[in-house]
Protein chains: 2
Amino acid sequence: MLQMERENRGAPAGVVAADSLESVRDIFIRQWGAMGSQWGVNRSMAMIHALLLVSPEPLTTDAIMAELAISRGNANTNLRELVDWGLVYPVLVKGDRRDYFVAEKDVWRIFCIVARERKRREMEPAQKVLEDCVRRSGSLEGAEAEAMHAQLVRLSEFVGTANGLMDKLARAERDRILPNLMRVL
Amino acid sequence: MLQMERENRGAPAGVVAADSLESVRDIFIRQWGAMGSQWGVNRSMAMIHALLLVSPEPLTTDAIMAELAISRGNANTNLRELVDWGLVYPVLVKGDRRDYFVAEKDVWRIFCIVARERKRREMEPAQKVLEDCVRRSGSLEGAEAEAMHAQLVRLSEFVGTANGLMDKLARAERDRILPNLMRVL
DNA sequence: CCGAACTTTCAATACTTACTGAAAGTTATG
DNA sequence: CATAACTTTCAGTAAGTATTGAAAGTTCGG
């Protein structure tokens, strides 16, 4: 553990002089957390996910709270959300009543989960809105109404196609699909 | 314009009895605006985009403000953002000093613009963070550090591949790419 | 079925982001 | 180059989200 000896000595706050396991993990967690906002995921959820992603062993709620300096309520809520998504699994450790948590480590599975969730939250509502408006505008008369209807139809058809492709992609096996995609694109 | 005669008579607030061009447009705009939050776009920007998407004619800032009941500052800021993205074009109308705005109507182009922007805001920062952490953790010793490094490498490689595919997809021609995708998936 | 260990909930609060409107800035035209 | 028409900026405020921490709820072992 030579690395730990030369960590962060005399450097300004927030700047790391050299890298230990802990410092790299902290950098990863903090940066990933900061990116959460861009991804529509809250900071705590992103940080918990990052921590578990690089932790080989399951962690308890208390360990997570301590590592990330967040409250119990916050840790609990976001852990449940991550478990709901399927990105984190609760595991039982023999001889301990507490819940432990591990992250799904397989990158392709993570991708499929995120793709599925985004489709559900972003694409499906859009498709529903568009189909509703297409239906409502179908019987209108006049050039302006018909132009609007035509535009709505184009949008609706595109989103429908994209949704279908998304579905197939997220259901496909990694090794079956990736080579084909590389070839086509 | 028969339709306008049977719009929204005696119905509870927010409920539309039958559809006119205006009512369908309003439904579309409001729903699209509400969805904006899910998409990481603010409500006003989404509503302006929706309005322009279904308006065959260019509109002035004032027309947009009036139609959506938003302030001048808000309209101005979000119009500029939409123009920056390339989703809306400013156009000059002869004999009028005011700026007029039209939306890009081609669905495939809209998709490419959104894909490019999302890649820039979501994928590229992730790739950068991951590459940085991979580099930092590469020289660490010990089983735990090596497990973390390996996980970071898997994430980094995946995001790199996804980024490359995204690029090619957004640069491809619609008619060249869609049939191939349908076949592969 | 009691008490201890642990988990969940939720009202209060802190933080973040979006919006307004008025004032400052810019540009076209007589 | 003065004025009027239009656009941009920005400080203040409103609206929306995330987080805390303490209280209530649950479960397990004895």
# chains A, B, ... in the order shown; residues from 1 in each chain; ligands from 1
call {"tool": "residues_around", "arguments": {"residues": "segment 115-123 of chain A", "least_positions_apart": "2", "cutoff": "9 Å", "atoms": "only C-alpha atoms (C1' of nucleotides)", "output": "ChimeraX atom specification"}}
result
/A:85,110-113,125-128,159-160,162-163,166-167,169-170 /B:35,38-39
call {"tool": "interface_residues", "arguments": {"of": "chain A", "to": "chain C", "cutoff": "8 Å", "atoms": "only C-alpha atoms (C1' of nucleotides)", "output": "tab-separated table (two decimals) with N, CA and C atoms, in the first residue's frame"}}
result
chain	number	residue	atom	x	y	z
A	76	ASN	N	-31.77	5.54	2.15
A	76	ASN	CA	-32.85	4.55	2.06
A	76	ASN	C	-33.70	4.74	0.81
A	97	ARG	N	-28.47	-9.18	10.47
A	97	ARG	CA	-29.85	-8.85	10.14
A	97	ARG	C	-29.95	-7.72	9.13
A	98	ARG	N	-28.89	-6.94	9.00
A	98	ARG	CA	-28.97	-5.77	8.13
A	98	ARG	C	-29.04	-6.13	6.65
call {"tool": "select_by_dssp", "arguments": {"residues": "segment 62-108 of chain A", "states": "helix (DSSP H, G or I)", "output": "ChimeraX atom specification"}}
result
/A:62-68,72-85,107-108
call {"tool": "closest_residue", "arguments": {"among": "A:Arg30, A:Val88, A:Thr61, A:Ala46", "to": "Gly73 of chain A", "atoms": "only C-alpha atoms"}}
result
A:Thr61
call {"tool": "atom_distance", "arguments": {"atom1": "atom CA of Leu52 of chain B", "atom2": "atom CA of Ala103 of chain B"}}
result
5.3 Å
call {"tool": "atom_distance", "arguments": {"atom1": "atom CA of Val134 of chain B", "atom2": "atom CA of Leu59 of chain A"}}
result
22.7 Å
